[in-house]
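Shown here: target.csv, CSV, C-alpha atoms.
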chain,number,residue,atom,x,y,z
Q,29,MET,CA,37.4,-15.4,73.2
Q,30,LYS,CA,36.8,-12.0,71.7
Q,31,THR,CA,36.1,-11.7,68.1
Q,32,LYS,CA,37.9,-9.0,66.3
Q,33,ARG,CA,35.5,-6.4,64.9
Q,34,LYS,CA,35.9,-5.5,61.3
Q,35,LYS,CA,37.1,-1.9,60.9
Q,36,ILE,CA,34.7,0.3,59.0
Q,37,TYR,CA,36.4,2.5,56.4
Q,38,TRP,CA,34.1,5.4,56.3
Q,39,PRO,CA,35.2,7.0,53.0
Q,40,ASP,CA,34.3,3.9,51.1
Q,41,THR,CA,31.0,3.5,53.0
Q,42,ILE,CA,30.0,7.1,52.3
Q,43,PHE,CA,30.9,6.7,48.7
Q,44,SER,CA,28.9,3.5,48.3
Q,45,ALA,CA,25.9,5.1,50.0
Q,46,ALA,CA,26.2,8.1,47.7
Q,47,VAL,CA,26.3,5.9,44.7
Q,48,ILE,CA,23.2,4.0,45.8
Q,49,VAL,CA,21.3,7.2,46.5
Q,50,LEU,CA,22.3,8.7,43.2
Q,51,SER,CA,21.3,5.5,41.3
Q,52,ILE,CA,17.9,5.5,43.0
Q,53,VAL,CA,17.4,9.2,42.1
Q,54,ILE,CA,18.4,8.6,38.4
Q,55,PHE,CA,16.1,5.5,38.3
Q,56,ILE,CA,13.2,7.6,39.5
Q,57,ILE,CA,13.9,10.4,37.0
Q,58,ILE,CA,13.9,7.8,34.2
Q,59,ALA,CA,11.1,5.6,35.4
Q,60,TYR,CA,8.5,8.2,36.5
Q,61,PRO,CA,7.8,9.6,33.0
Q,62,LEU,CA,7.2,6.1,31.8
Q,63,TRP,CA,4.9,5.3,34.7
Q,64,PHE,CA,3.1,8.6,34.2
Q,65,VAL,CA,2.3,7.7,30.6
Q,66,VAL,CA,0.9,4.4,31.8
Q,67,ILE,CA,-1.4,5.9,34.4
Q,68,ALA,CA,-2.4,8.8,32.1
Q,69,SER,CA,-3.4,6.3,29.4
Q,70,VAL,CA,-6.1,4.9,31.7
Q,71,SER,CA,-7.1,8.1,33.6
Q,72,ASN,CA,-9.6,10.8,32.8
Q,73,SER,CA,-7.7,13.2,30.6
Q,74,ASN,CA,-9.3,16.2,32.3
Q,75,LEU,CA,-7.8,15.2,35.6
Q,76,VAL,CA,-4.5,14.6,33.9
Q,77,ASN,CA,-4.5,18.1,32.4
Q,78,LEU,CA,-5.4,19.6,35.8
Q,79,GLY,CA,-2.4,17.9,37.4
Q,80,LYS,CA,-4.5,15.7,39.7
Q,81,VAL,CA,-3.0,12.5,38.4
Q,82,THR,CA,0.5,12.0,39.8
Q,83,PHE,CA,1.2,8.5,41.1
Q,84,LEU,CA,-2.0,6.5,40.7
Q,85,PRO,CA,-4.7,6.5,38.0
Q,86,LYS,CA,-8.0,8.3,38.7
Q,87,ASP,CA,-11.4,7.8,37.1
Q,88,ILE,CA,-10.1,4.8,35.2
Q,89,ARG,CA,-11.3,4.4,31.7
Q,90,PHE,CA,-9.9,2.4,28.7
Q,91,TYR,CA,-11.3,4.6,25.9
Q,92,GLY,CA,-7.9,5.1,24.3
Q,93,TYR,CA,-7.1,1.4,24.1
Q,94,GLU,CA,-10.6,0.7,22.7
Q,95,GLN,CA,-10.0,3.2,19.9
Q,96,ILE,CA,-6.7,1.6,19.1
Q,97,LEU,CA,-8.2,-1.9,19.0
Q,98,ASN,CA,-11.0,-0.8,16.8
Q,99,ASP,CA,-9.0,1.3,14.3
Q,100,ALA,CA,-7.5,-0.5,11.3
Q,101,ARG,CA,-4.8,2.1,10.7
Q,102,ILE,CA,-3.0,1.2,13.9
Q,103,TRP,CA,-2.9,-2.5,13.0
Q,104,LYS,CA,-1.8,-1.7,9.4
Q,105,GLY,CA,1.0,0.4,10.8
Q,106,TYR,CA,1.9,-2.4,13.2
Q,107,ALA,CA,2.1,-4.9,10.4
Q,108,ASN,CA,4.2,-2.6,8.3
Q,109,THR,CA,6.6,-1.8,11.1
Q,110,ILE,CA,7.0,-5.5,12.0
Q,111,LEU,CA,7.9,-6.1,8.3
Q,112,TYR,CA,10.4,-3.3,8.3
Q,113,VAL,CA,12.0,-4.3,11.5
Q,114,THR,CA,12.3,-8.0,10.6
Q,115,ALA,CA,13.5,-7.6,7.0
Q,116,GLY,CA,15.6,-4.6,7.7
Q,117,THR,CA,17.4,-6.1,10.7
Q,118,MET,CA,18.1,-9.3,8.8
Q,119,LEU,CA,19.6,-7.2,6.0
Q,120,ASN,CA,21.6,-5.1,8.5
Q,121,MET,CA,23.1,-8.2,10.1
Q,122,ALA,CA,23.8,-9.8,6.7
Q,123,VAL,CA,25.8,-6.7,5.6
Q,124,THR,CA,27.4,-5.5,8.9
Q,125,LEU,CA,28.9,-8.8,10.2
Q,126,PRO,CA,30.6,-10.0,7.0
Q,127,ALA,CA,31.9,-6.4,6.4
Q,128,ALA,CA,33.2,-6.2,9.9
Q,129,TYR,CA,34.9,-9.6,9.6
Q,130,ALA,CA,36.6,-8.6,6.3
Q,131,LEU,CA,37.8,-5.2,7.7
Q,132,SER,CA,39.1,-7.0,10.8
Q,133,ARG,CA,41.5,-9.2,8.9
Q,134,LYS,CA,45.1,-8.2,9.2
Q,135,ASP,CA,45.9,-9.7,5.8
Q,136,PHE,CA,43.4,-7.4,4.1
Q,137,ARG,CA,45.9,-4.6,3.2
Q,138,MET,CA,43.2,-2.2,2.1
Q,139,ALA,CA,41.2,-2.5,5.3
Q,140,ASP,CA,42.2,0.8,6.8
Q,141,LYS,CA,41.6,2.7,3.5
Q,142,VAL,CA,38.2,1.1,3.0
Q,143,MET,CA,37.3,1.9,6.6
Q,144,LEU,CA,38.3,5.5,6.0
Q,145,TYR,CA,35.7,5.7,3.3
Q,146,PHE,CA,33.0,4.3,5.6
Q,147,VAL,CA,33.9,6.7,8.4
Q,148,PHE,CA,33.9,9.6,6.0
Q,149,THR,CA,30.2,9.1,5.4
Q,150,MET,CA,29.5,9.6,9.2
Q,151,PHE,CA,30.6,13.2,8.9
Q,152,PHE,CA,29.8,14.2,5.3
Q,153,SER,CA,26.8,13.6,3.1
Q,154,GLY,CA,25.4,15.0,-0.2
Q,155,GLY,CA,22.4,16.5,1.5
Q,156,LEU,CA,18.7,15.6,1.5
Q,157,VAL,CA,17.8,16.8,-2.0
Q,158,PRO,CA,20.5,14.7,-3.8
Q,159,LEU,CA,19.6,11.8,-1.7
Q,160,TYR,CA,15.9,12.1,-2.6
Q,161,MET,CA,16.9,12.4,-6.3
Q,162,THR,CA,19.0,9.3,-6.0
Q,163,VAL,CA,16.2,7.3,-4.4
Q,164,SER,CA,13.7,8.6,-7.0
Q,165,SER,CA,16.0,7.6,-9.9
Q,166,LEU,CA,16.0,4.1,-8.5
Q,167,HIS,CA,12.2,4.1,-8.5
Q,168,LEU,CA,12.0,3.4,-4.8
Q,169,ILE,CA,9.8,6.3,-3.7
Q,170,SER,CA,6.6,5.2,-1.9
Q,171,THR,CA,7.7,1.6,-1.8
Q,172,LYS,CA,8.3,-0.7,1.2
Q,173,ALA,CA,11.7,-1.6,-0.2
Q,174,ILE,CA,13.2,1.9,0.5
Q,175,LEU,CA,12.3,1.7,4.2
Q,176,ILE,CA,14.1,-1.7,4.4
Q,177,VAL,CA,17.3,-1.1,2.4
Q,178,TYR,CA,17.9,2.6,3.2
Q,179,MET,CA,19.6,1.8,6.6
Q,180,ALA,CA,21.4,-1.3,5.3
Q,181,ILE,CA,24.4,-0.5,7.5
Q,182,ASN,CA,25.2,1.8,10.4
Q,183,ILE,CA,28.9,2.9,10.5
Q,184,TYR,CA,28.9,3.1,14.2
Q,185,ASN,CA,27.7,-0.5,14.5
Q,186,LEU,CA,30.2,-1.5,11.9
Q,187,ILE,CA,33.1,0.0,14.0
Q,188,ILE,CA,31.8,-1.8,17.1
Q,189,ALA,CA,31.6,-5.1,15.2
Q,190,ARG,CA,35.0,-4.7,13.6
Q,191,THR,CA,36.7,-3.9,16.9
Q,192,PHE,CA,34.9,-6.8,18.7
Q,193,ILE,CA,36.0,-9.4,16.1
Q,194,SER,CA,39.6,-8.0,16.1
Q,195,ASN,CA,40.0,-8.1,19.9
Q,196,SER,CA,37.9,-11.0,20.9
Q,197,ILE,CA,38.6,-13.7,18.3
Q,198,PRO,CA,42.1,-15.1,18.8
Q,199,GLU,CA,44.2,-15.2,15.7
Q,200,ASP,CA,45.4,-18.7,16.7
Q,201,LEU,CA,41.9,-20.0,15.8
Q,202,TYR,CA,42.2,-18.7,12.3
Q,203,GLU,CA,45.6,-20.3,11.8
Q,204,ALA,CA,44.3,-23.6,13.1
Q,205,ALA,CA,41.3,-23.4,10.8
Q,206,ILE,CA,43.4,-22.6,7.8
Q,207,LEU,CA,45.6,-25.7,8.6
Q,208,ASP,CA,42.4,-27.8,8.6
Q,209,GLY,CA,41.5,-26.5,5.1
Q,210,CYS,CA,38.8,-24.1,6.3
Q,211,SER,CA,37.9,-21.2,4.0
Q,212,HIS,CA,37.0,-17.7,5.1
Q,213,VAL,CA,33.3,-18.4,4.7
Q,214,SER,CA,33.5,-21.5,6.8
Q,215,TYR,CA,35.7,-19.8,9.4
Q,216,PHE,CA,33.3,-16.9,9.6
Q,217,THR,CA,30.1,-19.0,9.9
Q,218,LYS,CA,31.5,-21.8,12.1
Q,219,VAL,CA,34.0,-19.9,14.4
Q,220,VAL,CA,33.4,-16.2,14.3
Q,221,LEU,CA,29.6,-16.1,14.6
Q,222,PRO,CA,29.3,-18.7,17.4
Q,223,LEU,CA,31.9,-16.7,19.4
Q,224,SER,CA,30.1,-13.4,18.8
Q,225,LYS,CA,26.8,-14.0,20.5
Q,226,ALA,CA,27.2,-10.9,22.7
Q,227,LEU,CA,27.9,-8.7,19.7
Q,228,ILE,CA,25.1,-10.2,17.6
Q,229,SER,CA,22.6,-9.5,20.4
Q,230,VAL,CA,23.7,-5.9,20.8
Q,231,LEU,CA,23.5,-5.2,17.0
Q,232,LEU,CA,20.1,-6.9,16.8
Q,233,LEU,CA,18.8,-4.6,19.5
Q,234,TYR,CA,20.4,-1.5,18.0
Q,235,TYR,CA,19.1,-2.2,14.5
Q,236,ALA,CA,15.7,-3.3,15.6
Q,237,VAL,CA,15.1,-0.2,17.8
Q,238,ALA,CA,16.4,2.0,14.9
Q,239,HIS,CA,13.9,0.5,12.5
Q,240,TRP,CA,11.1,0.5,15.0
Q,241,ASN,CA,11.5,4.2,15.8
Q,242,ASP,CA,12.2,5.3,12.3
Q,243,TYR,CA,9.7,7.8,11.0
Q,244,PHE,CA,11.8,10.4,9.2
Q,245,ASN,CA,12.6,8.2,6.2
Q,246,ALA,CA,9.0,7.2,5.8
Q,247,LEU,CA,8.0,10.9,6.0
Q,248,ILE,CA,10.5,11.8,3.3
Q,249,PHE,CA,10.4,8.8,0.9
Q,250,ASN,CA,6.8,7.5,1.3
Q,251,ASN,CA,3.6,9.1,-0.1
Q,252,ASN,CA,1.5,6.0,0.1
Q,253,GLY,CA,-0.5,5.7,3.3
Q,254,ALA,CA,-0.7,1.9,2.9
Q,255,ASN,CA,3.1,1.8,3.6
Q,256,ASP,CA,3.0,4.0,6.7
Q,257,PRO,CA,4.9,2.5,9.7
Q,258,LEU,CA,3.5,2.7,13.2
Q,259,GLN,CA,5.5,5.8,14.0
Q,260,ILE,CA,3.9,7.8,11.2
Q,261,VAL,CA,0.5,6.9,12.5
Q,262,LEU,CA,1.6,7.9,16.0
Q,263,ARG,CA,3.0,11.2,14.7
Q,264,ARG,CA,-0.3,12.1,13.1
Q,265,ILE,CA,-2.1,11.5,16.4
Q,266,LEU,CA,0.4,13.5,18.4
Q,267,LEU,CA,0.9,16.4,16.1
Q,268,LEU,CA,-2.2,16.7,14.0
Q,269,ASN,CA,-4.6,15.7,16.8
Q,270,GLU,CA,-6.6,13.4,14.6
Q,271,ALA,CA,-7.9,11.2,17.5
Q,272,PHE,CA,-9.0,8.7,14.9
Q,273,SER,CA,-12.1,10.8,14.2
Q,274,GLY,CA,-12.2,9.9,10.5
Q,275,GLY,CA,-12.4,6.2,11.1
Q,276,ASN,CA,-14.8,6.1,14.1
Q,277,GLY,CA,-17.6,8.4,13.1
Q,278,GLY,CA,-16.1,11.6,14.5
Q,279,ILE,CA,-15.9,13.0,18.0
Q,280,GLN,CA,-17.2,16.5,18.5
Q,281,GLY,CA,-17.4,19.1,21.2
Q,282,GLY,CA,-15.4,19.5,24.4
Q,283,TYR,CA,-15.1,15.7,24.7
Q,284,ALA,CA,-12.9,15.5,21.5
Q,285,GLN,CA,-9.8,16.8,23.1
Q,286,ASP,CA,-10.3,14.6,26.1
Q,287,SER,CA,-10.5,11.6,23.9
Q,288,ALA,CA,-7.5,12.7,21.8
Q,289,ASP,CA,-5.3,13.0,24.9
Q,290,GLN,CA,-6.2,9.6,26.2
Q,291,VAL,CA,-5.6,8.0,22.7
Q,292,LYS,CA,-2.2,9.7,22.6
Q,293,TYR,CA,-1.0,8.2,25.8
Q,294,ALA,CA,-2.4,4.8,24.8
Q,295,VAL,CA,-0.6,4.8,21.5
Q,296,ILE,CA,2.7,5.7,23.2
Q,297,ILE,CA,2.3,2.5,25.4
Q,298,VAL,CA,1.3,0.3,22.4
Q,299,SER,CA,4.2,1.6,20.3
Q,300,THR,CA,6.9,1.2,23.0
Q,301,LEU,CA,5.8,-2.0,24.7
Q,302,PRO,CA,7.3,-4.5,22.2
Q,303,ILE,CA,10.8,-3.0,22.5
Q,304,LEU,CA,10.5,-2.9,26.3
Q,305,CYS,CA,9.6,-6.6,26.3
Q,306,VAL,CA,12.5,-7.6,24.0
Q,307,TYR,CA,15.2,-5.8,25.9
Q,308,PRO,CA,15.3,-8.1,29.1
Q,309,PHE,CA,16.2,-11.0,26.8
Q,310,VAL,CA,19.4,-9.3,25.5
Q,311,GLN,CA,20.3,-7.4,28.6
Q,312,LYS,CA,22.9,-9.9,29.7
Q,313,TYR,CA,24.8,-9.6,26.4
Q,314,PHE,CA,24.3,-5.8,26.1
Q,315,GLU,CA,27.1,-4.5,28.4
Q,316,LYS,CA,29.6,-7.2,27.3
Q,317,GLY,CA,29.0,-6.6,23.7
Q,318,VAL,CA,29.2,-2.8,23.8
Q,319,MET,CA,32.3,-2.6,26.1
Q,320,ILE,CA,34.3,-5.2,24.2
Q,321,GLY,CA,33.4,-3.8,20.9
Q,322,ALA,CA,34.0,-0.2,21.8
Q,323,VAL,CA,37.2,-0.4,23.8
Q,324,LYS,CA,40.5,-1.5,22.1
Q,325,GLY,CA,42.9,-3.6,24.1

Can you turn what I pasted into structure tokens?
Amino acid sequence: MKTKRKKIYWPDTIFSAAVIVLSIVIFIIIAYPLWFVVIASVSNSNLVNLGKVTFLPKDIRFYGYEQILNDARIWKGYANTILYVTAGTMLNMAVTLPAAYALSRKDFRMADKVMLYFVFTMFFSGGLVPLYMTVSSLHLISTKAILIVYMAINIYNLIIARTFISNSIPEDLYEAAILDGCSHVSYFTKVVLPLSKALISVLLLYYAVAHWNDYFNALIFNNNGANDPLQIVLRRILLLNEAFSGGNGGIQGGYAQDSADQVKYAVIIVSTLPILCVYPFVQKYFEKGVMIGAVKG
């Protein structure tokens, strides 16, 4: 008995192959710079500058990582950044989620008008000088508090959260909860939050990355080196070419630039590695949370 061969529809096959090839090319374009930083951080910087390091490390040395481990400023910056990320993200979630829930309620008649005020701040601001004067009048200059409370809420994330709650939490659940004598606080904590795990994961990632990468606010509002986050320390290394010379006895001659380059690459790895390690744990929620929260219907 002859088996009927499945007919190949070539347009679909060609399209699928093109998508695969394009995806591989995009992956290489994105992944290679990251890989290059990794191999450059353990290679001889002279060979890197001469273009002799492309895919594999050469003349492996760990001088950059040794300098990082032996320098107190990096670890102080790490400690400050972890504090800002942890406290700042907790504050962000404590403000964003209740605000999104309140603005998503259909029985809140002023929701659209209040949301308009929020959205207005996305496009218009008073400027840097009035902002600095406001922060200074609150006596928050050169304090850790300003680096935590300044980004208390992100309007884009608020819009995502509001849309997610409006479209993903059935109104029937609220009516049933009200019949059972449930208050808004109980409904929010016992019903909305457990059903918003995808949203919470996405917002946690967004806010944590924003705090981790933030350096401009520290640059503007902080004059105390003890409060510097990791990104400020990284900025000094990359732009001012300090190479930790002040804390390690100094590096002189032609070897100084070689050491500085290797430390730069090593610091990039140290500063980005924690975020890269966290992302796989929230990846499964990422697409669902963003798409449901960003698309109405």

Task: Pairwise distance for atom CA of Q:Ala294 and atom CA of Q:Gly92, rounded to one decimal in Å - done: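 Atom CA of Q:Gly92 lies at a distance of 5.5 Å from atom CA of Q:Ala294.
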
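Counting all atoms listed in the file, the residue from Q:Ile169, Q:Ile176, Q:Ala205, Q:Leu125 that sits nearest to Q:Lys225 is Q:Leu125.
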
TODO: Anything within 10 Å of (-2.2, 3.6, 34.3): list those residues as a count of residues only, counting all atoms listed in the file and sticking to the file's coordinates.
DONE: 19

TODO: Find the residues near Q:Ala122: any atom within 12 Å, counting only C-alpha atoms, skip ones fewer than 2 places away on the same chain, and give them as a PyMOL selection string.
DONE: chain Q and resi 115-120+124-129+177+180-181+186+217+221+228+231-232+235

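The gap separating atom CA of Q:Asn245 from atom CA of Q:Tyr178 is 8.3 Å, in Å to one decimal.
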
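Atom CA of Q:Thr41 to atom CA of Q:Ile57 spans 24.4 Å [interatomic distance, one decimal].
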
Task: Selected residue of minimal separation from Q:Leu75 among Q:Ala100, Q:Phe151, Q:Asp87, Q:Ile193, counting only C-alpha atoms - done: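 The shortest atom-to-atom distance to Q:Leu75 comes from Q:Asp87.
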
- [ ] Pick out the closest residue to Q:His167 from this set: Q:Asn250, Q:Pro198, Q:Asn77, Q:Ile48. Count all atoms listed in the file.
- [x] Q:Asn250

Task: Top pick for closest residue to Q:Ser73, considering Q:Ser196, Q:Gln290, Q:Asn185, Q:Ser211 and counting all atoms listed in the file - done: Q:Gln290

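The shortest atom-to-atom distance to Q:Pro222, with all atoms listed in the file taken into account, belongs to Q:Ile197 out of Q:Val123, Q:Ile197, Q:Ile54, Q:Met161.
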
- [ ] Find the residues near Q:Leu131: any atom within 9 Å, counting only C-alpha atoms, skip ones fewer than 4 places away on the same chain, and give them as a PyMOL selection string.
- [x] chain Q and resi 126-127+136+138-140+142-143+190

Open item on the list: With distances taken over only C-alpha atoms, which residue among Q:Ser224, Q:Asp289, Q:Val219, Q:Val47 lies nearest Q:Ala204?
Closed with: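 When distances to Q:Ala204 are compared using only C-alpha atoms, the smallest one comes from Q:Val219.
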
If you take all atoms listed in the file and a cut-off of 9 Å, which residues of stretch 189-264 of chain Q touch stretch 107-112 of chain Q, and what are their nearest atom pairs and distances in Å to one decimal, in chain and number order, as JSON lines?
{"residue": "Q:His239", "atom": "CA", "partner": "Q:Tyr112", "partner_atom": "CA", "distance": 6.7}
{"residue": "Q:Trp240", "atom": "CA", "partner": "Q:Thr109", "partner_atom": "CA", "distance": 6.4}
{"residue": "Q:Ala254", "atom": "CA", "partner": "Q:Asn108", "partner_atom": "CA", "distance": 8.6}
{"residue": "Q:Asn255", "atom": "CA", "partner": "Q:Asn108", "partner_atom": "CA", "distance": 6.5}
{"residue": "Q:Asp256", "atom": "CA", "partner": "Q:Asn108", "partner_atom": "CA", "distance": 6.9}
{"residue": "Q:Pro257", "atom": "CA", "partner": "Q:Thr109", "partner_atom": "CA", "distance": 4.8}
{"residue": "Q:Leu258", "atom": "CA", "partner": "Q:Thr109", "partner_atom": "CA", "distance": 5.9}
{"residue": "Q:Gln259", "atom": "CA", "partner": "Q:Thr109", "partner_atom": "CA", "distance": 8.2}
